[in-house]
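Asker: Contents are mmCIF, C-alpha atoms and all ligand atoms; file name my_file_36.cif:
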```
data_start
#
loop_
_atom_site.label_atom_id
_atom_site.label_comp_id
_atom_site.auth_asym_id
_atom_site.auth_seq_id
_atom_site.Cartn_x
_atom_site.Cartn_y
_atom_site.Cartn_z
CA MET Z 1020 131.94 92.61 128.64
CA ASP Z 1021 131.58 88.87 129.17
CA PHE Z 1022 128.45 87.99 131.21
CA ASN Z 1023 130.31 86.16 134.00
CA LEU Z 1024 132.79 89.01 134.44
CA LEU Z 1025 130.02 91.57 134.51
CA TYR Z 1026 128.08 89.51 137.07
CA GLN Z 1027 131.22 89.23 139.22
CA LYS Z 1028 131.79 92.99 138.98
CA LYS Z 1029 128.23 93.67 140.15
CA LEU Z 1030 128.57 91.12 142.95
CA GLU Z 1031 131.77 92.78 144.20
CA TYR Z 1032 130.09 96.18 144.05
CA ILE Z 1033 127.30 94.85 146.28
CA ASN Z 1034 129.77 93.17 148.64
CA GLU Z 1035 131.69 96.43 149.09
CA GLY Z 1036 128.42 98.19 149.86
CA LEU Z 1037 127.38 95.56 152.38
CA ILE Z 1038 130.70 95.68 154.22
CA SER Z 1039 130.63 99.43 154.50
CA LEU Z 1040 126.99 99.47 155.66
CA LEU Z 1041 127.67 96.86 158.34
CA ASN Z 1042 130.82 98.57 159.60
CA HIS Z 1043 130.80 101.37 162.11
CA ARG Z 1044 127.46 100.36 163.58
CA ASN Z 1045 127.01 101.23 167.20
CA SER Z 1046 125.85 97.73 168.10
CA HIS Z 1047 126.54 94.93 170.52
CA GLN Z 1048 129.54 93.13 169.06
CA LEU Z 1049 128.08 89.63 169.33
CA VAL Z 1050 124.94 90.23 167.27
CA LEU Z 1051 126.90 92.32 164.76
CA ASP Z 1052 129.45 89.51 164.37
CA ALA Z 1053 126.61 87.05 163.75
CA MET Z 1054 125.06 89.35 161.13
CA LYS Z 1055 128.42 89.81 159.39
CA TYR Z 1056 129.08 86.07 159.52
CA SER Z 1057 126.07 85.23 157.34
CA ILE Z 1058 126.41 88.24 155.06
CA GLN Z 1059 130.09 87.49 154.42
CA ALA Z 1060 129.58 83.73 154.07
CA GLY Z 1061 128.96 84.24 150.33
CA GLY Z 1062 125.83 84.05 148.26
CA LYS Z 1063 125.05 84.96 144.69
CA ARG Z 1064 123.65 88.43 145.53
CA LEU Z 1065 120.92 87.68 143.02
CA ARG Z 1066 118.27 90.04 144.39
CA PRO Z 1067 120.49 93.16 144.56
CA ILE Z 1068 121.87 92.39 141.11
CA LEU Z 1069 118.34 92.01 139.73
CA PHE Z 1070 117.39 95.32 141.35
CA LEU Z 1071 120.33 97.19 139.79
CA SER Z 1072 119.81 95.50 136.42
CA ALA Z 1073 116.14 96.48 136.36
CA PHE Z 1074 117.18 100.06 137.15
CA GLU Z 1075 119.59 99.95 134.19
CA LEU Z 1076 116.78 98.73 131.97
CA VAL Z 1077 114.89 101.99 132.42
CA SER Z 1078 117.95 104.30 132.58
CA ASN Z 1079 120.50 105.67 130.21
CA PRO Z 1080 123.81 103.99 131.09
CA ASN Z 1081 125.67 106.44 128.79
CA ASP Z 1082 124.59 109.41 130.87
CA ASN Z 1083 127.50 111.01 132.77
CA LEU Z 1084 125.52 110.87 135.98
CA PHE Z 1085 124.62 107.20 135.65
CA GLN Z 1086 127.27 105.86 138.06
CA LYS Z 1087 126.27 108.48 140.62
CA GLU Z 1088 122.65 107.36 140.31
CA ILE Z 1089 123.64 103.73 140.81
CA ASP Z 1090 125.75 104.66 143.85
CA ALA Z 1091 122.75 106.49 145.32
CA ILE Z 1092 120.60 103.36 145.23
CA ARG Z 1093 123.29 100.86 146.26
CA PRO Z 1094 122.05 100.91 149.90
CA MET Z 1095 118.63 99.78 148.64
CA ALA Z 1096 120.26 96.96 146.68
CA CYS Z 1097 122.18 95.96 149.82
CA ALA Z 1098 118.99 96.17 151.87
CA LEU Z 1099 117.48 93.48 149.64
CA GLU Z 1100 120.43 91.23 150.41
CA MET Z 1101 120.04 91.89 154.13
CA ILE Z 1102 116.38 90.89 153.97
CA HIS Z 1103 117.22 87.77 151.97
CA THR Z 1104 120.04 86.80 154.37
CA TYR Z 1105 117.78 87.27 157.41
CA SER Z 1106 115.26 84.92 155.79
CA LEU Z 1107 117.95 82.29 155.27
CA ILE Z 1108 119.18 82.55 158.89
CA HIS Z 1109 115.66 82.13 160.22
CA ASP Z 1110 114.79 79.42 157.70
CA ASP Z 1111 117.78 77.36 158.88
CA LEU Z 1112 116.77 77.48 162.57
CA PRO Z 1113 115.77 74.24 164.32
CA ALA Z 1114 112.19 75.53 164.59
CA MET Z 1115 112.05 75.87 160.80
CA ASP Z 1116 114.24 73.80 158.46
CA ASN Z 1117 116.92 72.87 161.00
CA ASP Z 1118 119.79 72.99 158.54
CA ASP Z 1119 123.48 72.66 159.38
CA TYR Z 1120 125.07 74.28 156.34
CA ARG Z 1121 124.37 77.41 154.35
CA ARG Z 1122 126.59 79.15 151.83
CA GLY Z 1123 129.20 76.46 152.40
CA LYS Z 1124 129.55 77.21 156.10
CA PRO Z 1125 127.90 76.04 159.31
CA THR Z 1126 124.55 77.81 159.71
CA ASN Z 1127 124.33 80.89 161.91
CA HIS Z 1128 122.76 79.08 164.89
CA LYS Z 1129 125.41 76.34 164.72
CA VAL Z 1130 128.07 79.00 165.31
CA PHE Z 1131 126.31 81.57 167.48
CA GLY Z 1132 123.47 79.58 169.07
CA GLU Z 1133 119.76 79.90 168.40
CA ALA Z 1134 119.08 83.03 170.41
CA ILE Z 1135 121.79 85.09 168.70
CA ALA Z 1136 120.84 83.68 165.28
CA ILE Z 1137 117.27 84.90 165.80
CA LEU Z 1138 118.61 88.32 166.77
CA ALA Z 1139 121.04 88.37 163.83
CA GLY Z 1140 118.08 87.78 161.49
CA ASP Z 1141 116.02 90.44 163.25
CA GLY Z 1142 119.03 92.77 163.12
CA LEU Z 1143 119.47 92.33 159.37
CA LEU Z 1144 115.76 92.79 158.66
CA ASN Z 1145 115.71 95.98 160.68
CA LEU Z 1146 119.02 97.24 159.29
CA ALA Z 1147 117.62 96.89 155.77
CA TYR Z 1148 115.03 99.58 156.51
CA GLU Z 1149 117.49 101.65 158.54
CA VAL Z 1150 119.93 101.91 155.64
CA MET Z 1151 117.20 102.64 153.09
CA LEU Z 1152 116.00 105.48 155.31
CA GLU Z 1153 119.54 106.72 156.01
CA TYR Z 1154 120.08 107.14 152.27
CA LEU Z 1155 116.80 108.80 151.29
CA PRO Z 1156 117.42 110.99 148.23
CA SER Z 1157 117.88 114.66 149.05
CA ASN Z 1158 116.36 115.57 145.67
CA THR Z 1159 112.61 115.70 146.34
CA ASN Z 1160 111.84 114.74 142.71
CA LYS Z 1161 113.38 111.35 143.41
CA LEU Z 1162 111.75 110.83 146.79
CA THR Z 1163 108.39 109.45 145.64
CA GLY Z 1164 109.97 106.76 143.46
CA TYR Z 1165 112.36 105.84 146.27
CA LEU Z 1166 109.55 105.48 148.82
CA LYS Z 1167 107.45 103.48 146.35
CA ALA Z 1168 110.40 101.15 145.82
CA MET Z 1169 110.71 100.73 149.60
CA SER Z 1170 107.04 99.91 149.76
CA VAL Z 1171 107.37 97.27 147.01
CA ILE Z 1172 110.27 95.69 148.92
CA ALA Z 1173 108.40 95.73 152.24
CA ASN Z 1174 105.37 94.16 150.59
CA SER Z 1175 107.25 91.39 148.85
CA ALA Z 1176 109.22 90.46 151.98
CA GLY Z 1177 106.26 90.68 154.35
CA ILE Z 1178 102.96 88.94 154.91
CA SER Z 1179 101.82 89.59 151.33
CA GLY Z 1180 104.90 87.73 150.09
CA MET Z 1181 107.79 85.79 151.55
CA ILE Z 1182 106.53 85.41 155.11
CA SER Z 1183 103.20 83.98 153.92
CA GLY Z 1184 105.05 81.60 151.59
CA GLN Z 1185 107.11 80.37 154.51
CA SER Z 1186 104.00 79.98 156.66
CA ALA Z 1187 102.28 77.91 153.96
CA ASP Z 1188 105.45 75.84 153.49
CA ILE Z 1189 105.52 74.99 157.19
CA GLN Z 1190 101.81 74.14 157.21
CA ASN Z 1191 102.22 71.84 154.23
CA GLN Z 1192 105.17 69.77 155.40
CA ASP Z 1193 104.26 66.10 155.41
CA GLY Z 1194 100.79 67.03 154.16
CA ASP Z 1195 98.96 66.05 150.97
CA ASN Z 1196 100.77 67.25 147.89
CA GLU Z 1197 98.39 69.70 146.26
CA GLU Z 1198 99.44 71.52 143.11
CA SER Z 1199 97.71 74.71 144.25
CA ASP Z 1200 99.66 74.66 147.53
CA LEU Z 1201 102.92 74.31 145.61
CA THR Z 1202 102.06 77.32 143.46
CA TYR Z 1203 101.11 79.39 146.50
CA ILE Z 1204 104.24 78.46 148.45
CA HIS Z 1205 106.72 79.11 145.70
CA SER Z 1206 105.13 82.22 144.30
CA HIS Z 1207 105.23 83.73 147.80
CA LYS Z 1208 108.34 82.24 149.37
CA THR Z 1209 110.77 82.70 146.51
CA GLU Z 1210 109.23 84.53 143.59
CA ALA Z 1211 107.82 87.47 145.58
CA LEU Z 1212 111.18 88.90 146.67
CA ILE Z 1213 112.71 88.27 143.25
CA THR Z 1214 109.87 90.10 141.51
CA GLY Z 1215 109.94 92.72 144.28
CA ALA Z 1216 113.63 93.41 143.63
CA LEU Z 1217 112.99 93.82 139.90
CA LYS Z 1218 109.90 96.00 140.36
CA ALA Z 1219 111.69 98.18 142.93
CA GLY Z 1220 114.54 98.69 140.45
CA VAL Z 1221 112.08 100.06 137.90
CA ILE Z 1222 109.83 102.07 140.19
CA VAL Z 1223 112.72 103.82 141.94
CA ARG Z 1224 113.32 105.47 138.54
CA THR Z 1225 109.97 105.54 136.70
CA GLU Z 1226 106.26 104.86 137.09
CA ASP Z 1227 105.99 103.79 133.45
CA HIS Z 1228 103.15 101.25 133.53
CA GLU Z 1229 104.33 99.25 130.56
CA ALA Z 1230 107.83 98.85 132.01
CA LEU Z 1231 106.41 97.83 135.38
CA LYS Z 1232 104.02 95.36 133.81
CA ALA Z 1233 106.81 93.81 131.75
CA ILE Z 1234 109.25 93.54 134.65
CA SER Z 1235 106.59 91.98 136.89
CA SER Z 1236 105.73 89.34 134.29
CA PHE Z 1237 109.43 88.66 133.77
CA GLY Z 1238 109.98 88.41 137.56
CA LYS Z 1239 107.15 85.94 137.97
CA ARG Z 1240 108.69 83.62 135.40
CA LEU Z 1241 112.27 84.08 136.59
CA GLY Z 1242 111.25 83.50 140.22
CA LEU Z 1243 109.39 80.30 139.44
CA ALA Z 1244 112.18 78.99 137.20
CA PHE Z 1245 114.63 79.82 139.99
CA GLN Z 1246 112.57 77.82 142.49
CA ILE Z 1247 112.20 74.85 140.13
CA THR Z 1248 115.98 74.73 139.64
CA ASP Z 1249 116.38 75.03 143.43
CA ASP Z 1250 114.14 71.99 143.89
CA ILE Z 1251 116.09 70.08 141.23
CA LEU Z 1252 119.43 71.01 142.83
CA ASP Z 1253 118.14 69.77 146.16
CA LEU Z 1254 117.64 66.39 144.50
CA LYS Z 1255 120.77 66.25 142.40
CA GLY Z 1256 123.31 68.70 143.82
CA ASN Z 1257 126.08 68.09 146.33
CA LEU Z 1258 127.15 69.89 149.50
CA ASN Z 1259 130.33 71.30 147.95
CA GLN Z 1260 128.55 72.94 145.05
CA LEU Z 1261 125.36 73.87 146.82
CA GLY Z 1262 126.89 75.08 150.07
CA LYS Z 1263 123.98 73.43 151.89
CA SER Z 1264 122.99 69.83 152.45
CA PRO Z 1265 121.07 68.36 149.48
CA GLY Z 1266 118.10 66.05 149.92
CA SER Z 1267 116.57 68.11 152.69
CA ASP Z 1268 113.27 68.71 150.86
CA ILE Z 1269 112.48 64.99 150.66
CA LYS Z 1270 113.52 64.41 154.27
CA LYS Z 1271 111.13 67.11 155.40
CA GLY Z 1272 108.28 65.98 153.16
CA LYS Z 1273 108.28 69.32 151.32
CA LEU Z 1274 106.19 70.16 148.31
CA THR Z 1275 108.56 70.50 145.37
CA TYR Z 1276 108.20 70.65 141.59
CA PRO Z 1277 109.95 67.30 140.98
CA ALA Z 1278 107.76 65.68 143.67
CA ILE Z 1279 104.59 66.81 141.87
CA TYR Z 1280 105.59 66.88 138.20
CA GLY Z 1281 108.66 64.61 138.04
CA LEU Z 1282 112.18 65.68 137.09
CA GLU Z 1283 111.88 65.91 133.31
CA ARG Z 1284 108.63 67.87 133.32
CA SER Z 1285 110.05 70.19 135.98
CA LYS Z 1286 113.09 70.92 133.79
CA LYS Z 1287 110.81 71.66 130.84
CA MET Z 1288 108.67 73.97 132.94
CA ALA Z 1289 111.74 75.93 134.10
CA SER Z 1290 112.99 76.31 130.58
CA GLN Z 1291 109.56 77.38 129.33
CA TYR Z 1292 109.33 80.06 132.04
CA ILE Z 1293 112.76 81.36 131.03
CA ASP Z 1294 111.82 81.39 127.31
CA GLU Z 1295 108.69 83.39 128.14
CA GLY Z 1296 110.67 85.73 130.40
CA VAL Z 1297 113.27 86.35 127.70
CA SER Z 1298 110.64 87.23 125.12
CA ILE Z 1299 109.01 89.67 127.54
CA LEU Z 1300 112.34 91.49 127.90
CA GLN Z 1301 112.85 91.86 124.14
CA SER Z 1302 110.82 95.08 124.22
CA PHE Z 1303 113.70 96.76 126.12
CA GLY Z 1304 116.16 96.13 123.27
CA LYS Z 1305 119.89 95.91 123.94
CA LYS Z 1306 119.49 97.23 127.48
CA ALA Z 1307 118.01 93.85 128.40
CA ASP Z 1308 121.08 91.85 127.33
CA PHE Z 1309 122.42 91.33 130.84
CA LEU Z 1310 119.07 90.33 132.36
CA ILE Z 1311 118.40 87.94 129.48
CA LYS Z 1312 121.77 86.24 129.98
CA LEU Z 1313 121.15 86.11 133.71
CA ALA Z 1314 117.76 84.47 133.15
CA ILE Z 1315 119.25 81.85 130.85
CA SER Z 1316 122.08 81.17 133.33
CA ILE Z 1317 119.48 80.25 135.98
CA LEU Z 1318 118.72 77.08 134.01
CA ASN Z 1319 122.34 75.89 134.26
CA ARG Z 1320 123.11 77.01 137.76
CA ASN Z 1321 124.77 74.59 140.15
CA ASN Z 1322 124.33 76.57 143.36
C1 LIG Q 1 112.11 82.81 157.38
C2 LIG Q 1 110.41 84.52 156.61
C3 LIG Q 1 111.33 83.44 156.29
C4 LIG Q 1 111.42 83.06 155.02
C5 LIG Q 1 112.35 82.07 154.53
C6 LIG Q 1 114.19 82.24 151.71
C7 LIG Q 1 113.33 81.33 152.46
C8 LIG Q 1 112.10 81.86 153.06
C9 LIG Q 1 113.68 80.06 152.63
C10 LIG Q 1 114.93 79.49 152.13
C11 LIG Q 1 114.68 78.10 151.71
C12 LIG Q 1 114.77 77.93 150.27
C13 LIG Q 1 115.72 76.89 149.82
C14 LIG Q 1 114.05 78.64 149.44
C15 LIG Q 1 114.08 78.43 147.99
C16 LIG Q 1 114.84 79.37 147.14
C17 LIG Q 1 115.80 80.19 147.82
C18 LIG Q 1 115.30 81.45 148.38
C19 LIG Q 1 117.08 79.81 147.84
C20 LIG Q 1 118.16 80.58 148.44
O1 LIG Q 1 118.44 81.70 147.67
P1 LIG Q 1 119.77 81.84 146.81
O2 LIG Q 1 120.00 80.62 146.01
O3 LIG Q 1 120.85 81.87 147.99
O4 LIG Q 1 119.74 83.13 146.09
P2 LIG Q 1 122.25 82.63 148.08
O5 LIG Q 1 122.96 81.95 149.23
O6 LIG Q 1 122.99 82.49 146.78
O7 LIG Q 1 121.93 84.05 148.39
#
```
As structure tokens, how would this structure be written, given the file I've shared?
Ligand code: GRG
Answerer:
Amino acid sequence: MDFNLLYQKKLEYINEGLISLLNHRNSHQLVLDAMKYSIQAGGKRLRPILFLSAFELVSNPNDNLFQKEIDAIRPMACALEMIHTYSLIHDDLPAMDNDDYRRGKPTNHKVFGEAIAILAGDGLLNLAYEVMLEYLPSNTNKLTGYLKAMSVIANSAGISGMISGQSADIQNQDGDNEESDLTYIHSHKTEALITGALKAGVIVRTEDHEALKAISSFGKRLGLAFQITDDILDLKGNLNQLGKSPGSDIKKGKLTYPAIYGLERSKKMASQYIDEGVSILQSFGKKADFLIKLAISILNRNN
């Protein structure tokens, strides 16, 4: 199947999962509406798709039970999207980036006010762990892998990963542009959850060290290339395509790749990371086709 069609199919599968997980919650309507607003505003669903694709890499898609296995881990894929969406809601708050648009719509706090936006983020972060725990595998052989995957996700989203990246980003605004700070910020803020999603997709199925090593190295490169293209889009993109206001990094004095290395060198770095990532995946043979195409598509993304 054509890559774009396959990506769209996976995205719709995640969206269905998210809608059903958010429905029928016994919650206060206002905070639930705010959570649904940001989840349903769009988004590429990159992290859940990476998670499922990494799982496919170490599975046998021709097995009769394969779809059932995918269905069993869909809540974990959706949990990754909930964590990511919470981080965007909080990142957009006046106390952080103070942004007006996200995913082509007014940001959560613009619609619901700051207090409810904070709670909507908290609600999504908590719901991520609720749904993962609600769908624990009943087969005890699968339990260890599932819990290890949860641990990888918690680690990459928490103070060993994304939260520390955000903290460093805030500390560095309008500061001296140090290359080492840039590396720290982006490897934690963006790359950690991307690599976490990929690693979780592998470890939920197998503890194979080689596979885990390969997917981690791939994730590192994909995550950094993704961040470089994000920085470039912030310079060159427009609100319609991006779904958020461009130019905000410069306004806020943020450390970005183009600010440190210049545009051309940044583009080269992104493409080198993707080349390296693609060659790491070759060891998985044909099963890596989708992830390889996804990695290459990152270089040409416009949102
Ligand atoms: C608030 C703890 C906390 C963390 C926030 C995610 C994040 C950390 C900040 C967002 C700011 C930003 C532009 C980060 C760079 C890369 C990034 C994560 C972009 C947004 O992710 P996409 O492009 O968004 O996958 P969609 O909307 O497609 O899901």
Asker: I need the residue nearest Met1095 in chain Z from this list: Z:Gly1036, Z:Gly1177, Z:Gly1304, Z:Gly1272. Use only C-alpha atoms for the distance.
Answerer: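 Of Z:Gly1036, Z:Gly1177, Z:Gly1304, Z:Gly1272, the one nearest Met1095 in chain Z, counting only C-alpha atoms, is Z:Gly1036.
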Asker: Please, what distance in Å, to one decimal, runs between CA of Lys1218 in chain Z and CA of Phe1070 in chain Z?
Answerer: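 Between CA of Lys1218 in chain Z and CA of Phe1070 in chain Z the gap works out to 7.6 Å.
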Asker: So which residues are close to (119.1, 87.9, 169.2), meaning at most 12 Å away in the file's coordinates with all atoms listed in the file counted, and can you show them as an MDAnalysis selection string?
Answerer: chainID Z and resid 1046:1054 1105 1108:1109 1127:1128 1131:1143
Asker: Restricting the output to C-alpha atoms, write the selected residues as a PDB file, in the coordinates of the input.
Answerer:
```
ATOM      1  CA  SER Z1046     125.850  97.730 168.100  1.00  0.00           C
ATOM      2  CA  HIS Z1047     126.540  94.930 170.520  1.00  0.00           C
ATOM      3  CA  GLN Z1048     129.540  93.130 169.060  1.00  0.00           C
ATOM      4  CA  LEU Z1049     128.080  89.630 169.330  1.00  0.00           C
ATOM      5  CA  VAL Z1050     124.940  90.230 167.270  1.00  0.00           C
ATOM      6  CA  LEU Z1051     126.900  92.320 164.760  1.00  0.00           C
ATOM      7  CA  ASP Z1052     129.450  89.510 164.370  1.00  0.00           C
ATOM      8  CA  ALA Z1053     126.610  87.050 163.750  1.00  0.00           C
ATOM      9  CA  MET Z1054     125.060  89.350 161.130  1.00  0.00           C
ATOM     10  CA  TYR Z1105     117.780  87.270 157.410  1.00  0.00           C
ATOM     11  CA  ILE Z1108     119.180  82.550 158.890  1.00  0.00           C
ATOM     12  CA  HIS Z1109     115.660  82.130 160.220  1.00  0.00           C
ATOM     13  CA  ASN Z1127     124.330  80.890 161.910  1.00  0.00           C
ATOM     14  CA  HIS Z1128     122.760  79.080 164.890  1.00  0.00           C
ATOM     15  CA  PHE Z1131     126.310  81.570 167.480  1.00  0.00           C
ATOM     16  CA  GLY Z1132     123.470  79.580 169.070  1.00  0.00           C
ATOM     17  CA  GLU Z1133     119.760  79.900 168.400  1.00  0.00           C
ATOM     18  CA  ALA Z1134     119.080  83.030 170.410  1.00  0.00           C
ATOM     19  CA  ILE Z1135     121.790  85.090 168.700  1.00  0.00           C
ATOM     20  CA  ALA Z1136     120.840  83.680 165.280  1.00  0.00           C
ATOM     21  CA  ILE Z1137     117.270  84.900 165.800  1.00  0.00           C
ATOM     22  CA  LEU Z1138     118.610  88.320 166.770  1.00  0.00           C
ATOM     23  CA  ALA Z1139     121.040  88.370 163.830  1.00  0.00           C
ATOM     24  CA  GLY Z1140     118.080  87.780 161.490  1.00  0.00           C
ATOM     25  CA  ASP Z1141     116.020  90.440 163.250  1.00  0.00           C
ATOM     26  CA  GLY Z1142     119.030  92.770 163.120  1.00  0.00           C
ATOM     27  CA  LEU Z1143     119.470  92.330 159.370  1.00  0.00           C
TER      28      LEU Z1143
END
```
Asker: List the neighbours of Gln1301 in chain Z out to 12 Å using only C-alpha atoms; skip same-chain residues closer than 4 positions along the sequence, and give me the result as a compact mmCIF listing (two decimals) with C-alpha atoms, in the coordinates of the input.
Answerer:
```txt
# COMPACT_ATOMS: atom_id res chain seq x y z
CA LEU Z 1076 116.78 98.73 131.97
CA ALA Z 1230 107.83 98.85 132.01
CA ALA Z 1233 106.81 93.81 131.75
CA ILE Z 1234 109.25 93.54 134.65
CA PHE Z 1237 109.43 88.66 133.77
CA ASP Z 1294 111.82 81.39 127.31
CA GLU Z 1295 108.69 83.39 128.14
CA GLY Z 1296 110.67 85.73 130.40
CA VAL Z 1297 113.27 86.35 127.70
CA LYS Z 1305 119.89 95.91 123.94
CA LYS Z 1306 119.49 97.23 127.48
CA ALA Z 1307 118.01 93.85 128.40
CA ASP Z 1308 121.08 91.85 127.33
CA PHE Z 1309 122.42 91.33 130.84
CA LEU Z 1310 119.07 90.33 132.36
CA ILE Z 1311 118.40 87.94 129.48
```
Asker: Extending 5 Å beyond the listed atoms of ligand LIG 1 (chain Q) on each side, what axis-aligned box results? I want centre and edge lengths in Å to one decimal, as JSON.
Answerer:
```
{"center_x": 116.7, "center_y": 80.7, "center_z": 151.7, "size_x": 22.6, "size_y": 17.6, "size_z": 21.4}
```
Asker: Given only C-alpha atoms and all ligand atoms, how would the per-residue table for chain Z near ligand LIG 1 (chain Q) read, listing every residue at most 6 Å away with its closest atom pair and distance in Å to one decimal, sorted by chain and number, as CSV?
Answerer:
```
residue,atom,partner,partner_atom,distance
Z:Gly1062,CA,Q:LIG1,O6,3.6
Z:Lys1063,CA,Q:LIG1,O6,3.8
Z:Arg1064,CA,Q:LIG1,O7,5.5
Z:Leu1065,CA,Q:LIG1,O4,5.6
Z:Ser1106,CA,Q:LIG1,C1,4.1
Z:Leu1107,CA,Q:LIG1,C6,5.2
Z:His1109,CA,Q:LIG1,C1,4.6
Z:Asp1110,CA,Q:LIG1,C1,4.3
Z:Arg1122,CA,Q:LIG1,O5,5.3
Z:Met1181,CA,Q:LIG1,C4,5.7
Z:Ile1182,CA,Q:LIG1,C2,4.3
Z:Gln1185,CA,Q:LIG1,C4,5.1
Z:Lys1208,CA,Q:LIG1,C8,5.3
Z:Thr1209,CA,Q:LIG1,C18,5.1
Z:Gln1246,CA,Q:LIG1,C16,5.4
Z:Asp1249,CA,Q:LIG1,C16,5.9
```
